Amino acid sequence: MIDQGPSVTLIRNPELAQTVDYAYAAVAEAPVRAIWTAGACPLDADGATVAVGDFAGQARQVMANLAAALESAGASLADIVKTTVYVASSRRQDLVEAWNVVREHMGDHDAPSTLLGVAALGYDDQLVEVEATAVIIEEHEAG
């Protein structure tokens, strides 16, 4: 089954497990403009870590920050072709708590993603970080 987003076609292979809540691949036809984000962190506008100790709360701030970063590059969450979600925990329930928030923000656009439990992240009290790659299909005017 293939879903067409604004700039991205998400691929679901019927020979692979259909129980996952993400596509297995994403395709963007040329010409495209690619956007790579730094890892979005749970920081407020003053640079302070928000929602200390709260995986879901930090994931909400991370996704808001990711959406803002993409918007400043002329893109949106619907233009993402791949995310990597980092959670500073070895407990699966903590990873799932953060993942559920990420999925909620992505809506029907279930781009390919990797979810990782890591030992630590870069800021004090940071539990969640999400980096993304997005593409925008470039429109060409007929000449």
# chains A, B, ... in the order shown; residues from 1 in each chain; ligands from 1
$ residues_around --residues "Val32 in chain A" --least-positions-apart "4" --cutoff "9 Å" --atoms "only C-alpha atoms" --output "list of chain:residue names"
A:Ser7, A:Ala28, A:Val135, A:Ile136, A:Ile137, A:Glu138, A:Glu139
$ write_last_selection --atoms "N, CA and C atoms" --output "mmCIF file, in the first residue's frame"
data_model
loop_
_atom_site.group_PDB
_atom_site.id
_atom_site.type_symbol
_atom_site.label_atom_id
_atom_site.label_comp_id
_atom_site.auth_asym_id
_atom_site.auth_seq_id
_atom_site.Cartn_x
_atom_site.Cartn_y
_atom_site.Cartn_z
ATOM 1 N N SER A 7 4.907 15.856 0.014
ATOM 2 C CA SER A 7 6.164 15.755 -0.725
ATOM 3 C C SER A 7 6.721 14.340 -0.736
ATOM 4 N N ALA A 28 10.849 10.273 -2.352
ATOM 5 C CA ALA A 28 10.548 11.602 -2.879
ATOM 6 C C ALA A 28 11.138 11.676 -4.273
ATOM 7 N N VAL A 135 11.941 16.348 3.022
ATOM 8 C CA VAL A 135 12.134 16.771 1.645
ATOM 9 C C VAL A 135 10.915 17.549 1.180
ATOM 10 N N ILE A 136 11.189 18.497 0.308
ATOM 11 C CA ILE A 136 10.139 19.286 -0.338
ATOM 12 C C ILE A 136 10.320 19.099 -1.836
ATOM 13 N N ILE A 137 9.262 18.722 -2.518
ATOM 14 C CA ILE A 137 9.343 18.612 -3.961
ATOM 15 C C ILE A 137 9.343 20.021 -4.544
ATOM 16 N N GLU A 138 10.361 20.310 -5.329
ATOM 17 C CA GLU A 138 10.510 21.625 -5.948
ATOM 18 C C GLU A 138 9.563 21.736 -7.127
ATOM 19 N N GLU A 139 8.811 22.814 -7.150
ATOM 20 C CA GLU A 139 7.900 23.097 -8.262
ATOM 21 C C GLU A 139 8.677 23.857 -9.335
#
$ residues_around --residues "Val8 in chain A" --least-positions-apart "2" --cutoff "10 Å" --atoms "only C-alpha atoms" --output "JSON, numbers by chain"
{"A": [3, 4, 5, 6, 10, 11, 26, 27, 28, 29, 78, 79, 80, 81, 109, 111, 134, 135, 136, 137]}
$ residues_around --residues "Ala119 in chain A" --least-positions-apart "3" --cutoff "9 Å" --atoms "only C-alpha atoms" --output "number ranges by chain"
A: 87-90
$ write_last_selection --atoms "N, CA, C and O atoms" --output "short mmCIF file (atom, residue, chain, number, x, y, z; two decimals), in the first residue's frame"
data_model
loop_
_atom_site.label_atom_id
_atom_site.label_comp_id
_atom_site.auth_asym_id
_atom_site.auth_seq_id
_atom_site.Cartn_x
_atom_site.Cartn_y
_atom_site.Cartn_z
N VAL A 87 15.86 8.16 23.38
CA VAL A 87 15.28 8.24 24.71
C VAL A 87 16.34 7.77 25.71
O VAL A 87 16.88 6.67 25.58
N ALA A 88 16.64 8.61 26.69
CA ALA A 88 17.67 8.29 27.67
C ALA A 88 17.10 7.35 28.73
O ALA A 88 16.75 7.75 29.84
N SER A 89 16.97 6.08 28.34
CA SER A 89 16.46 5.05 29.24
C SER A 89 16.70 3.68 28.62
O SER A 89 16.73 3.55 27.40
N SER A 90 16.83 2.69 29.45
CA SER A 90 16.90 1.31 28.98
C SER A 90 15.57 0.60 29.21
O SER A 90 15.44 -0.57 28.87
#
$ residues_around --residues "Val85 in chain A" --least-positions-apart "4" --cutoff "9 Å" --atoms "only C-alpha atoms" --output "list in words"
Gly39, Leu95, Ala98, Trp99, Val102, Ser113, Thr114, Leu115, Leu116, Gly117, Val128, Glu129, Val130, Glu131 and Ala132 of chain A
$ write_last_selection --atoms "C-alpha atoms" --output "compact mmCIF listing (two decimals), in the first residue's frame"
# COMPACT_ATOMS: atom_id res chain seq x y z
CA GLY A 39 18.27 16.78 17.14
CA LEU A 95 10.74 4.52 25.07
CA ALA A 98 8.06 9.07 24.26
CA TRP A 99 7.23 7.25 21.02
CA VAL A 102 5.99 11.46 18.62
CA SER A 113 11.66 5.94 12.12
CA THR A 114 14.19 4.42 14.47
CA LEU A 115 13.57 4.40 18.24
CA LEU A 116 16.65 4.05 20.45
CA GLY A 117 17.30 3.82 24.16
CA VAL A 128 14.21 12.78 24.67
CA GLU A 129 15.62 14.01 21.35
CA VAL A 130 14.32 13.63 17.78
CA GLU A 131 16.22 14.32 14.58
CA ALA A 132 14.60 14.27 11.16
$ select_by_dssp --residues "chain A" --states "strand (DSSP E or B)" --output "VMD selection string"
chain A and resid 2 to 4 9 to 11 25 to 27 32 to 36 40 43 49 80 to 87 113 to 117 128 to 137
$ residues_around --residues "Met63 in chain A" --least-positions-apart "4" --cutoff "9 Å" --atoms "only C-alpha atoms" --output "PDB file with C-alpha atoms, in the first residue's frame"
ATOM      1  CA  ALA A  40      15.272  18.656  18.527  1.00  0.00           C
ATOM      2  CA  CYS A  41      15.672  18.915  22.292  1.00  0.00           C
ATOM      3  CA  PRO A  42      13.230  19.600  25.144  1.00  0.00           C
ATOM      4  CA  GLN A  58       9.764  16.322  27.038  1.00  0.00           C
ATOM      5  CA  ALA A  59       8.595  14.571  23.862  1.00  0.00           C
ATOM      6  CA  ALA A  67       7.966  21.496  13.920  1.00  0.00           C
ATOM      7  CA  ALA A  68       9.301  25.045  14.465  1.00  0.00           C
ATOM      8  CA  LEU A  77       6.170  17.336   9.917  1.00  0.00           C
ATOM      9  CA  VAL A 101       3.844  11.392  21.761  1.00  0.00           C
ATOM     10  CA  VAL A 102       5.988  11.457  18.616  1.00  0.00           C
ATOM     11  CA  HIS A 105       2.310  14.660  16.535  1.00  0.00           C
ATOM     12  CA  MET A 106       3.040  12.897  13.248  1.00  0.00           C
ATOM     13  CA  GLU A 129      15.621  14.011  21.353  1.00  0.00           C
ATOM     14  CA  VAL A 130      14.325  13.632  17.783  1.00  0.00           C
TER      15      VAL A 130
END
$ decode --residues "range 52-64 of chain A" --atoms "all heavy atoms" --output "PDB file, in the first residue's frame"
ATOM      1  N   VAL A  52      11.259  18.146  33.437  1.00  0.00           N
ATOM      2  CA  VAL A  52      12.305  17.299  34.016  1.00  0.00           C
ATOM      3  C   VAL A  52      11.670  16.029  34.603  1.00  0.00           C
ATOM      4  O   VAL A  52      10.699  16.099  35.353  1.00  0.00           O
ATOM      5  CB  VAL A  52      13.103  18.070  35.088  1.00  0.00           C
ATOM      6  CG1 VAL A  52      14.073  17.145  35.822  1.00  0.00           C
ATOM      7  CG2 VAL A  52      13.849  19.238  34.448  1.00  0.00           C
ATOM      8  N   GLY A  53      12.203  14.878  34.194  1.00  0.00           N
ATOM      9  CA  GLY A  53      11.719  13.591  34.689  1.00  0.00           C
ATOM     10  C   GLY A  53      10.487  13.058  33.981  1.00  0.00           C
ATOM     11  O   GLY A  53       9.991  11.986  34.320  1.00  0.00           O
ATOM     12  N   ASP A  54       9.976  13.770  32.979  1.00  0.00           N
ATOM     13  CA  ASP A  54       8.716  13.424  32.309  1.00  0.00           C
ATOM     14  C   ASP A  54       8.983  13.134  30.828  1.00  0.00           C
ATOM     15  O   ASP A  54       9.159  14.056  30.030  1.00  0.00           O
ATOM     16  CB  ASP A  54       7.744  14.592  32.478  1.00  0.00           C
ATOM     17  CG  ASP A  54       6.398  14.385  31.803  1.00  0.00           C
ATOM     18  OD1 ASP A  54       6.172  13.337  31.165  1.00  0.00           O
ATOM     19  OD2 ASP A  54       5.559  15.308  31.917  1.00  0.00           O
ATOM     20  N   PHE A  55       8.996  11.861  30.459  1.00  0.00           N
ATOM     21  CA  PHE A  55       9.290  11.470  29.077  1.00  0.00           C
ATOM     22  C   PHE A  55       8.276  12.055  28.106  1.00  0.00           C
ATOM     23  O   PHE A  55       8.653  12.611  27.069  1.00  0.00           O
ATOM     24  CB  PHE A  55       9.343   9.946  28.941  1.00  0.00           C
ATOM     25  CG  PHE A  55      10.529   9.327  29.610  1.00  0.00           C
ATOM     26  CD1 PHE A  55      10.456   8.868  30.917  1.00  0.00           C
ATOM     27  CD2 PHE A  55      11.740   9.210  28.940  1.00  0.00           C
ATOM     28  CE1 PHE A  55      11.559   8.314  31.545  1.00  0.00           C
ATOM     29  CE2 PHE A  55      12.849   8.655  29.548  1.00  0.00           C
ATOM     30  CZ  PHE A  55      12.755   8.213  30.860  1.00  0.00           C
ATOM     31  N   ALA A  56       6.994  11.944  28.405  1.00  0.00           N
ATOM     32  CA  ALA A  56       5.957  12.463  27.511  1.00  0.00           C
ATOM     33  C   ALA A  56       6.025  13.985  27.423  1.00  0.00           C
ATOM     34  O   ALA A  56       5.907  14.557  26.338  1.00  0.00           O
ATOM     35  CB  ALA A  56       4.569  12.008  27.970  1.00  0.00           C
ATOM     36  N   GLY A  57       6.210  14.653  28.536  1.00  0.00           N
ATOM     37  CA  GLY A  57       6.301  16.108  28.540  1.00  0.00           C
ATOM     38  C   GLY A  57       7.470  16.602  27.714  1.00  0.00           C
ATOM     39  O   GLY A  57       7.350  17.574  26.959  1.00  0.00           O
ATOM     40  N   GLN A  58       8.606  15.939  27.840  1.00  0.00           N
ATOM     41  CA  GLN A  58       9.764  16.322  27.038  1.00  0.00           C
ATOM     42  C   GLN A  58       9.514  16.029  25.561  1.00  0.00           C
ATOM     43  O   GLN A  58       9.888  16.817  24.693  1.00  0.00           O
ATOM     44  CB  GLN A  58      11.029  15.642  27.535  1.00  0.00           C
ATOM     45  CG  GLN A  58      11.520  16.228  28.842  1.00  0.00           C
ATOM     46  CD  GLN A  58      12.966  15.908  29.133  1.00  0.00           C
ATOM     47  OE1 GLN A  58      13.684  15.316  28.340  1.00  0.00           O
ATOM     48  NE2 GLN A  58      13.416  16.336  30.312  1.00  0.00           N
ATOM     49  N   ALA A  59       8.877  14.913  25.255  1.00  0.00           N
ATOM     50  CA  ALA A  59       8.595  14.571  23.862  1.00  0.00           C
ATOM     51  C   ALA A  59       7.672  15.615  23.232  1.00  0.00           C
ATOM     52  O   ALA A  59       7.852  15.978  22.061  1.00  0.00           O
ATOM     53  CB  ALA A  59       7.993  13.178  23.760  1.00  0.00           C
ATOM     54  N   ARG A  60       6.704  16.134  23.989  1.00  0.00           N
ATOM     55  CA  ARG A  60       5.831  17.176  23.454  1.00  0.00           C
ATOM     56  C   ARG A  60       6.638  18.433  23.088  1.00  0.00           C
ATOM     57  O   ARG A  60       6.441  19.024  22.027  1.00  0.00           O
ATOM     58  CB  ARG A  60       4.729  17.521  24.453  1.00  0.00           C
ATOM     59  CG  ARG A  60       3.580  16.522  24.438  1.00  0.00           C
ATOM     60  CD  ARG A  60       2.404  16.980  25.274  1.00  0.00           C
ATOM     61  NE  ARG A  60       2.654  16.859  26.701  1.00  0.00           N
ATOM     62  CZ  ARG A  60       2.555  15.735  27.396  1.00  0.00           C
ATOM     63  NH1 ARG A  60       2.207  14.615  26.784  1.00  0.00           N
ATOM     64  NH2 ARG A  60       2.784  15.725  28.682  1.00  0.00           N
ATOM     65  N   GLN A  61       7.561  18.850  23.964  1.00  0.00           N
ATOM     66  CA  GLN A  61       8.388  20.026  23.671  1.00  0.00           C
ATOM     67  C   GLN A  61       9.307  19.751  22.491  1.00  0.00           C
ATOM     68  O   GLN A  61       9.496  20.616  21.628  1.00  0.00           O
ATOM     69  CB  GLN A  61       9.217  20.417  24.895  1.00  0.00           C
ATOM     70  CG  GLN A  61      10.059  21.658  24.699  1.00  0.00           C
ATOM     71  CD  GLN A  61       9.220  22.915  24.609  1.00  0.00           C
ATOM     72  OE1 GLN A  61       8.307  23.098  25.400  1.00  0.00           O
ATOM     73  NE2 GLN A  61       9.525  23.775  23.651  1.00  0.00           N
ATOM     74  N   VAL A  62       9.874  18.561  22.434  1.00  0.00           N
ATOM     75  CA  VAL A  62      10.752  18.179  21.326  1.00  0.00           C
ATOM     76  C   VAL A  62      10.008  18.288  19.997  1.00  0.00           C
ATOM     77  O   VAL A  62      10.518  18.853  19.028  1.00  0.00           O
ATOM     78  CB  VAL A  62      11.298  16.749  21.547  1.00  0.00           C
ATOM     79  CG1 VAL A  62      11.830  16.144  20.259  1.00  0.00           C
ATOM     80  CG2 VAL A  62      12.365  16.737  22.624  1.00  0.00           C
ATOM     81  N   MET A  63       8.782  17.765  19.940  1.00  0.00           N
ATOM     82  CA  MET A  63       8.041  17.785  18.686  1.00  0.00           C
ATOM     83  C   MET A  63       7.627  19.205  18.308  1.00  0.00           C
ATOM     84  O   MET A  63       7.627  19.550  17.124  1.00  0.00           O
ATOM     85  CB  MET A  63       6.840  16.843  18.759  1.00  0.00           C
ATOM     86  CG  MET A  63       7.244  15.372  18.848  1.00  0.00           C
ATOM     87  SD  MET A  63       8.375  14.830  17.535  1.00  0.00           S
ATOM     88  CE  MET A  63       7.301  14.912  16.096  1.00  0.00           C
ATOM     89  N   ALA A  64       7.307  20.029  19.292  1.00  0.00           N
ATOM     90  CA  ALA A  64       7.007  21.434  19.002  1.00  0.00           C
ATOM     91  C   ALA A  64       8.248  22.127  18.447  1.00  0.00           C
ATOM     92  O   ALA A  64       8.171  22.897  17.469  1.00  0.00           O
ATOM     93  CB  ALA A  64       6.504  22.138  20.255  1.00  0.00           C
TER      94      ALA A  64
END
